[in-house]
Structure formats: structure tokens, C-alpha cells
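Below: entry.tsv (TSV, C-alpha atoms)
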```
chain	number	residue	atom	x	y	z
F	219	MET	CA	61.51	-27.92	6.62
F	220	SER	CA	62.03	-28.41	2.97
F	221	GLN	CA	61.08	-25.84	0.38
F	222	PRO	CA	58.30	-27.93	-1.35
F	223	GLN	CA	56.47	-28.62	1.94
F	224	GLN	CA	56.50	-24.96	2.89
F	225	SER	CA	55.12	-24.00	-0.54
F	226	ILE	CA	52.29	-26.54	-0.19
F	227	LYS	CA	51.37	-25.15	3.26
F	228	GLU	CA	51.33	-21.58	1.91
F	229	THR	CA	49.12	-22.67	-1.01
F	230	ASP	CA	46.73	-24.40	1.41
F	231	ASN	CA	46.57	-21.26	3.58
F	232	VAL	CA	45.79	-19.07	0.55
F	233	ARG	CA	43.06	-21.47	-0.59
F	234	ARG	CA	41.56	-21.60	2.91
F	235	THR	CA	41.54	-17.78	3.08
F	236	ILE	CA	39.88	-17.52	-0.34
F	237	PHE	CA	37.17	-20.02	0.69
F	238	ILE	CA	36.49	-18.22	3.98
F	239	VAL	CA	36.27	-14.79	2.34
F	240	SER	CA	34.04	-16.17	-0.44
F	241	GLY	CA	31.76	-17.84	2.09
F	242	LEU	CA	31.45	-14.65	4.16
F	243	LEU	CA	30.66	-12.58	1.08
F	244	ALA	CA	28.01	-15.09	-0.04
F	245	ALA	CA	26.45	-15.11	3.45
F	246	LEU	CA	26.33	-11.30	3.51
F	247	LEU	CA	24.75	-11.21	0.06
F	248	ILE	CA	22.09	-13.76	1.03
F	249	ALA	CA	21.36	-11.91	4.29
F	250	GLY	CA	20.94	-8.65	2.34
F	251	VAL	CA	18.53	-10.23	-0.13
F	252	ILE	CA	16.46	-11.73	2.70
F	253	TYR	CA	16.40	-8.39	4.56
F	254	PHE	CA	15.14	-6.41	1.57
F	255	ALA	CA	12.62	-9.10	0.58
F	256	THR	CA	10.99	-9.21	4.02
F	257	ARG	CA	10.97	-5.47	4.71
F	258	PRO	CA	7.48	-3.92	4.71
F	259	ALA	CA	6.68	-1.46	1.96
F	260	SER	CA	7.64	2.13	2.62
F	261	ASN	CA	4.92	4.46	3.89
F	262	THR	CA	6.64	7.46	2.33
F	263	ALA	CA	5.37	6.77	-1.17
F	264	ALA	CA	3.57	9.76	-2.62
F	265	GLN	CA	-0.20	9.45	-2.41
F	266	PRO	CA	-2.02	10.09	-5.68
F	267	ARG	CA	-3.87	13.39	-6.02
F	268	LEU	CA	-6.82	14.00	-8.31
F	269	GLU	CA	-6.05	17.04	-10.48
F	270	GLY	CA	-8.68	19.80	-10.39
F	271	ALA	CA	-10.68	18.20	-7.57
F	272	ILE	CA	-12.63	20.05	-4.93
F	273	ARG	CA	-11.54	19.02	-1.44
F	274	PRO	CA	-12.91	19.03	2.10
F	275	GLY	CA	-12.96	22.51	3.54
F	276	SER	CA	-14.01	24.26	0.35
F	277	SER	CA	-17.54	25.66	0.12
F	278	GLU	CA	-18.26	23.66	-3.05
F	279	PHE	CA	-17.19	20.42	-1.33
F	280	ASP	CA	-19.35	21.27	1.68
F	281	GLU	CA	-22.29	21.70	-0.69
F	282	HIS	CA	-21.77	18.66	-2.95
F	283	GLY	CA	-19.37	16.37	-1.06
F	284	LYS	CA	-22.02	15.15	1.36
F	285	ASN	CA	-23.99	13.88	-1.66
F	286	VAL	CA	-21.22	11.47	-2.64
F	287	VAL	CA	-21.92	8.65	-0.22
F	288	ILE	CA	-19.92	5.48	0.35
F	289	ASP	CA	-21.80	2.75	2.18
F	290	ASN	CA	-21.82	-1.03	2.56
F	291	VAL	CA	-18.18	-0.77	3.60
F	292	GLU	CA	-16.56	-4.12	4.36
F	293	ALA	CA	-13.00	-5.15	5.11
F	294	PHE	CA	-11.23	-8.45	4.44
F	295	LYS	CA	-7.89	-9.49	5.92
F	296	SER	CA	-5.50	-11.79	4.11
F	297	PRO	CA	-2.11	-12.98	5.42
F	298	ARG	CA	0.92	-12.96	3.12
F	299	ALA	CA	3.98	-15.19	3.05
F	300	LEU	CA	6.16	-12.20	3.99
F	301	GLY	CA	4.74	-12.27	7.53
F	302	ASP	CA	2.37	-9.33	7.14
F	303	GLN	CA	-1.19	-8.97	5.92
F	304	ILE	CA	-3.27	-7.11	3.36
F	305	VAL	CA	-6.55	-5.47	4.32
F	306	ARG	CA	-8.99	-4.95	1.44
F	307	ILE	CA	-11.62	-2.31	2.17
F	308	GLN	CA	-14.48	-2.10	-0.28
F	309	GLY	CA	-17.74	-0.21	-0.46
F	310	VAL	CA	-20.33	1.20	-2.83
F	311	ALA	CA	-20.06	4.84	-3.95
F	312	HIS	CA	-23.35	6.64	-4.69
F	313	ASN	CA	-23.56	9.87	-6.68
F	314	PHE	CA	-26.52	11.90	-5.36
F	315	THR	CA	-25.11	15.27	-6.51
F	316	GLY	CA	-27.25	15.63	-9.64
F	317	ARG	CA	-24.03	16.10	-11.66
F	318	THR	CA	-21.75	13.61	-13.40
F	319	LEU	CA	-18.53	12.82	-11.52
F	320	SER	CA	-15.45	12.73	-13.72
F	321	GLY	CA	-13.12	12.17	-10.77
F	322	LEU	CA	-13.35	10.61	-7.32
F	323	GLU	CA	-10.50	10.41	-4.82
F	324	ILE	CA	-11.00	8.23	-1.73
F	325	GLN	CA	-8.94	7.32	1.31
F	326	GLY	CA	-9.14	3.94	3.02
F	327	THR	CA	-8.10	3.83	6.68
F	328	VAL	CA	-7.71	1.07	9.26
F	329	VAL	CA	-7.73	2.30	12.86
F	330	ASP	CA	-6.80	0.66	16.15
F	331	SER	CA	-8.89	0.51	19.33
F	332	GLN	CA	-7.65	3.99	20.38
F	333	LYS	CA	-8.90	5.35	17.00
F	334	ASN	CA	-5.33	5.96	15.78
F	335	PRO	CA	-4.69	5.18	12.09
F	336	VAL	CA	-2.76	1.93	11.63
F	337	LYS	CA	-2.52	2.30	7.85
F	338	GLN	CA	-4.16	4.51	5.27
F	339	ARG	CA	-3.97	4.88	1.52
F	340	THR	CA	-5.45	7.29	-0.99
F	341	VAL	CA	-6.61	5.99	-4.37
F	342	ILE	CA	-8.28	7.56	-7.36
F	343	ALA	CA	-11.47	5.58	-7.99
F	344	ILE	CA	-12.53	7.58	-11.07
F	345	PRO	CA	-10.98	7.48	-13.62
F	346	SER	CA	-9.83	3.93	-13.00
F	347	ARG	CA	-7.71	1.67	-15.17
F	348	ALA	CA	-8.73	-1.34	-13.06
F	349	THR	CA	-12.49	-1.01	-13.58
F	350	GLY	CA	-12.51	1.10	-16.74
F	351	ALA	CA	-14.82	3.64	-15.08
F	352	ASN	CA	-14.30	7.13	-16.51
F	353	GLU	CA	-17.27	8.80	-14.84
F	354	LEU	CA	-20.17	8.23	-12.49
F	355	ALA	CA	-23.53	9.56	-13.67
F	356	PRO	CA	-26.07	11.08	-11.26
F	357	ASN	CA	-27.98	8.55	-9.14
F	358	ARG	CA	-25.60	5.75	-10.16
F	359	THR	CA	-23.34	3.56	-8.03
F	360	MET	CA	-20.01	1.85	-8.40
F	361	GLN	CA	-17.85	-0.39	-6.23
F	362	VAL	CA	-14.71	1.18	-4.79
F	363	VAL	CA	-11.74	-0.74	-3.36
F	364	VAL	CA	-8.69	0.24	-1.33
F	365	ASN	CA	-5.94	-2.35	-0.65
F	366	LEU	CA	-3.75	-1.67	2.38
F	367	GLU	CA	-0.53	-3.71	2.32
F	368	GLY	CA	2.25	-4.28	4.82
F	369	ILE	CA	0.19	-4.37	8.00
F	370	ARG	CA	1.82	-6.34	10.82
F	371	MET	CA	0.04	-9.55	11.77
F	372	ASP	CA	-0.11	-8.49	15.45
F	373	ALA	CA	-1.52	-5.01	14.66
F	374	ASP	CA	-4.62	-3.91	16.57
F	375	LEU	CA	-7.23	-3.55	13.81
F	376	ALA	CA	-10.43	-2.28	15.43
F	377	ASN	CA	-12.24	-0.46	12.63
F	378	PHE	CA	-12.01	0.67	9.02
F	379	ARG	CA	-13.49	3.35	6.79
F	380	ILE	CA	-13.46	4.91	3.34
F	381	ASP	CA	-13.65	8.71	3.11
F	382	VAL	CA	-14.15	10.92	0.05
F	383	THR	CA	-11.13	13.24	-0.18
F	384	GLY	CA	-11.70	14.78	-3.60
F	385	VAL	CA	-14.44	15.17	-6.20
F	386	ARG	CA	-14.29	16.51	-9.75
F	387	PHE	CA	-17.36	17.19	-11.87
F	388	LYS	CA	-17.75	16.87	-15.63
```
I'd like the structure from this file rewritten - as C-alpha cells, please.
Amino acid sequence: MSQPQQSIKETDNVRRTIFIVSGLLAALLIAGVIYFATRPASNTAAQPRLEGAIRPGSSEFDEHGKNVVIDNVEAFKSPRALGDQIVRIQGVAHNFTGRTLSGLEIQGTVVDSQKNPVKQRTVIAIPSRATGANELAPNRTMQVVVNLEGIRMDADLANFRIDVTGVRFK
């Protein structure tokens, strides 16, 4: 074999190797992007806590907590392009405590047919940037909403609820 032909074959082999390695790297990069884009949101995110709130189990909550009532609770499911669904739970919060609420922490929960939680999320309904509500006067109402994201499409969703998990008075 002559020297120029051998040099051409070596050059072709180097080019082929570069193309193969580049193609594999691009495929790995695309697979990584697809994996992270379709992964459900992490459940380990810290739940918000209402500073200075009274909570279930305290004597003050036992006295006043039962007078913060959430009724007309409804849930709406909506599929997403990522292959999961969002469940929006909404209700009406009533303040029958006789005092102005300056803070309200609620927890929305979706449960399966065995009454096990499928997904739950705690939100601070008062004060709220979304609605602009800074307080809830006595004998007044306001709508509260909890959005639960990343629920599998095949999940057993039997029931839903909104619970009051913290109250702060003015």
C-alpha cells in the first residue's frame, strides 16, 4: 500500500470516530434533557409555615379552630402534557371566631380508596399575594385554593379535602 492511501484511510477512521462520539454525546444530552423535563416535581420541597400561628392540638386552636370552617369544597382534575395531572381543590373559608384572622394556613389532600394520601400540599391562604387578601374579618368568607401537581394519570383519586392547619389572629 502506498503512503497517501494509508493516510487517507487513517483520516477517514478519525473522522468516523469523531462523528460517532459526537453523535453519542448528543444522544446522551437529549436523553438527559427529556428525563429531567418529564420527571414529576419533587415531594421533598419544604411546605410553607405560617409564623406565629396556633396549630391543632393547642388549647387555643381547640377553642377557635373549629370556628374557621371550610365548606363547598370541590376538586377539578386537569391533564398536563407531561403525562401527569393537576388537581385543583377549592372551597370557601368562613370566619366565625368573632376575631379578625391575619393568617390562615390550609392543607389540601387527595386520598385514594383506602383513605391513604395520594398527594397533599400546605398553602398560606392569608396573607396571599395571589388574591391580595391580608385578613379575614369576623363573619366574612373568602375562596381558598390548593393546586396539587404531579399526580400520575392512573392514580386512584377517591376523595379530597381542605383542612385548617394554622390560624393567626390580628
(request) Name the closest residue to Glu292 in chain F among the candidates F:Pro274, F:Pro335, F:Pro266, F:Gly326; distances are taken between atoms, counting all atoms listed in the file. (result)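 Of all the options, F:Gly326 lies closest to Glu292 in chain F.
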Near range 368-382 of chain F, counting only C-alpha atoms, which residues have an atom at most 9 Å away, once you skip same-chain residues fewer than 2 positions from it, shown as a short mmCIF file (atom, residue, chain, number, x, y, z; two decimals) with C-alpha atoms, in the coordinates of the input?
```
data_model
loop_
_atom_site.label_atom_id
_atom_site.label_comp_id
_atom_site.auth_asym_id
_atom_site.auth_seq_id
_atom_site.Cartn_x
_atom_site.Cartn_y
_atom_site.Cartn_z
CA ARG F 257 10.97 -5.47 4.71
CA PRO F 258 7.48 -3.92 4.71
CA ALA F 259 6.68 -1.46 1.96
CA SER F 260 7.64 2.13 2.62
CA ARG F 273 -11.54 19.02 -1.44
CA PRO F 274 -12.91 19.03 2.10
CA GLY F 283 -19.37 16.37 -1.06
CA VAL F 286 -21.22 11.47 -2.64
CA VAL F 287 -21.92 8.65 -0.22
CA ILE F 288 -19.92 5.48 0.35
CA ASP F 289 -21.80 2.75 2.18
CA VAL F 291 -18.18 -0.77 3.60
CA GLU F 292 -16.56 -4.12 4.36
CA ALA F 293 -13.00 -5.15 5.11
CA PRO F 297 -2.11 -12.98 5.42
CA ARG F 298 0.92 -12.96 3.12
CA LEU F 300 6.16 -12.20 3.99
CA GLY F 301 4.74 -12.27 7.53
CA ASP F 302 2.37 -9.33 7.14
CA GLN F 303 -1.19 -8.97 5.92
CA ILE F 304 -3.27 -7.11 3.36
CA VAL F 305 -6.55 -5.47 4.32
CA ILE F 307 -11.62 -2.31 2.17
CA GLN F 308 -14.48 -2.10 -0.28
CA GLY F 309 -17.74 -0.21 -0.46
CA LEU F 322 -13.35 10.61 -7.32
CA GLU F 323 -10.50 10.41 -4.82
CA ILE F 324 -11.00 8.23 -1.73
CA GLN F 325 -8.94 7.32 1.31
CA GLY F 326 -9.14 3.94 3.02
CA THR F 327 -8.10 3.83 6.68
CA VAL F 328 -7.71 1.07 9.26
CA VAL F 329 -7.73 2.30 12.86
CA ASP F 330 -6.80 0.66 16.15
CA SER F 331 -8.89 0.51 19.33
CA GLN F 332 -7.65 3.99 20.38
CA LYS F 333 -8.90 5.35 17.00
CA VAL F 336 -2.76 1.93 11.63
CA LYS F 337 -2.52 2.30 7.85
CA VAL F 363 -11.74 -0.74 -3.36
CA VAL F 364 -8.69 0.24 -1.33
CA LEU F 366 -3.75 -1.67 2.38
CA GLY F 384 -11.70 14.78 -3.60
CA VAL F 385 -14.44 15.17 -6.20
#
```
(request) Rounded to one decimal place, report the CA of Val341 in chain F-CA of Tyr253 in chain F distance in Å. (result) 28.6 Å
(request) Could you check which of F:Glu269, F:Asp280, F:Glu367, F:Asp230 is closest to Arg339 in chain F, using all atoms listed in the file? (result)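 Using all atoms listed in the file, Arg339 in chain F sits closest to F:Glu367.
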(request) Find the distance between CA of Glu353 in chain F and CA of Glu281 in chain F and write it in Å to one decimal. (result)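 Between CA of Glu353 in chain F and CA of Glu281 in chain F the gap works out to 19.8 Å.
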(request) Check the smallest atom-to-atom distance from each of F:Asn334, F:Ser240, F:Asn285, F:Asn231 to Gly316 in chain F using all atoms listed in the file, then report the winner. (result)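 Looking at the shortest contact to Gly316 in chain F, the residue is F:Asn285.
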(message) Using all atoms listed in the file, can you tell me which of F:Asn313, F:Ser225, F:Gln265, F:Thr340 comes closest to Asn365 in chain F?
(response) F:Thr340
(message) Please determine, counting only C-alpha atoms, which residue among F:Thr229, F:Asn357, F:Thr256, F:Asn352 has the shortest atom-to-atom distance to Phe314 in chain F.
(response)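 For Phe314 in chain F, the nearest of the given residues is F:Asn357.
A straight line drawn from CA of Ser320 in chain F to CA of Arg386 in chain F is 5.6 Å long.
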(message) Can you tell me which residues surround Phe387 in chain F at a distance of at most 10 Å, considering only C-alpha atoms, apart from same-chain residues fewer than 3 positions away, and format the answer as number ranges by chain?
(response) F: 270-272, 315, 317-322, 353-355
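Closest approach to Ile344 in chain F among F:Ser276, F:Pro356, F:Leu268, F:Arg306 is made by F:Leu268 (distances from all atoms listed in the file).
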Render range 303-330 of chain F from the structure in the preceding block as a file of N, CA and C atoms, as a compact mmCIF listing (two decimals), in the first residue's frame.
```txt
# COMPACT_ATOMS: atom_id res chain seq x y z
N GLN F 303 -51.18 14.92 35.99
CA GLN F 303 -52.35 15.77 36.09
C GLN F 303 -52.22 16.71 37.29
N ILE F 304 -53.00 17.77 37.24
CA ILE F 304 -53.11 18.73 38.33
C ILE F 304 -54.51 18.58 38.91
N VAL F 305 -54.60 18.57 40.23
CA VAL F 305 -55.90 18.57 40.90
C VAL F 305 -56.01 19.90 41.63
N ARG F 306 -57.04 20.66 41.30
CA ARG F 306 -57.30 21.96 41.95
C ARG F 306 -58.44 21.75 42.93
N ILE F 307 -58.13 21.96 44.22
CA ILE F 307 -59.15 21.84 45.26
C ILE F 307 -59.47 23.25 45.73
N GLN F 308 -60.75 23.59 45.72
CA GLN F 308 -61.14 24.92 46.15
C GLN F 308 -62.34 24.83 47.08
N GLY F 309 -62.45 25.80 47.95
CA GLY F 309 -63.55 25.86 48.89
C GLY F 309 -63.74 27.29 49.36
N VAL F 310 -64.68 27.45 50.29
CA VAL F 310 -64.96 28.77 50.86
C VAL F 310 -64.65 28.71 52.34
N ALA F 311 -63.76 29.62 52.79
CA ALA F 311 -63.39 29.70 54.21
C ALA F 311 -64.29 30.72 54.89
N HIS F 312 -64.86 30.33 56.04
CA HIS F 312 -65.73 31.19 56.84
C HIS F 312 -65.04 31.47 58.17
N ASN F 313 -65.06 32.72 58.60
CA ASN F 313 -64.50 33.10 59.89
C ASN F 313 -65.64 33.36 60.87
N PHE F 314 -65.93 32.37 61.72
CA PHE F 314 -66.97 32.51 62.74
C PHE F 314 -66.36 32.67 64.13
N THR F 315 -65.11 33.11 64.22
CA THR F 315 -64.41 33.20 65.50
C THR F 315 -64.75 34.46 66.29
N GLY F 316 -65.27 35.48 65.63
CA GLY F 316 -65.52 36.75 66.30
C GLY F 316 -64.28 37.63 66.33
N ARG F 317 -63.17 37.15 65.78
CA ARG F 317 -61.91 37.90 65.72
C ARG F 317 -61.43 37.94 64.28
N THR F 318 -60.64 38.95 63.94
CA THR F 318 -60.10 39.08 62.59
C THR F 318 -58.92 38.14 62.42
N LEU F 319 -58.93 37.36 61.34
CA LEU F 319 -57.81 36.47 61.02
C LEU F 319 -56.77 37.25 60.22
N SER F 320 -55.53 37.22 60.69
CA SER F 320 -54.45 37.85 59.93
C SER F 320 -53.59 36.78 59.25
N GLY F 321 -53.90 35.52 59.51
CA GLY F 321 -53.18 34.43 58.88
C GLY F 321 -54.01 33.16 58.87
N LEU F 322 -53.96 32.44 57.76
CA LEU F 322 -54.68 31.18 57.63
C LEU F 322 -53.83 30.22 56.81
N GLU F 323 -53.49 29.09 57.41
CA GLU F 323 -52.71 28.05 56.74
C GLU F 323 -53.63 26.86 56.53
N ILE F 324 -53.68 26.36 55.29
CA ILE F 324 -54.56 25.23 54.97
C ILE F 324 -53.76 24.14 54.27
N GLN F 325 -54.29 22.93 54.33
CA GLN F 325 -53.66 21.80 53.65
C GLN F 325 -54.70 21.10 52.79
N GLY F 326 -54.39 21.00 51.49
CA GLY F 326 -55.24 20.26 50.57
C GLY F 326 -54.71 18.85 50.41
N THR F 327 -55.60 17.87 50.44
CA THR F 327 -55.20 16.47 50.35
C THR F 327 -56.12 15.73 49.40
N VAL F 328 -55.53 14.88 48.56
CA VAL F 328 -56.27 13.93 47.73
C VAL F 328 -55.95 12.55 48.28
N VAL F 329 -57.00 11.76 48.54
CA VAL F 329 -56.80 10.43 49.10
C VAL F 329 -57.32 9.37 48.14
N ASP F 330 -56.78 8.15 48.28
CA ASP F 330 -57.22 7.04 47.44
C ASP F 330 -58.38 6.31 48.11
```
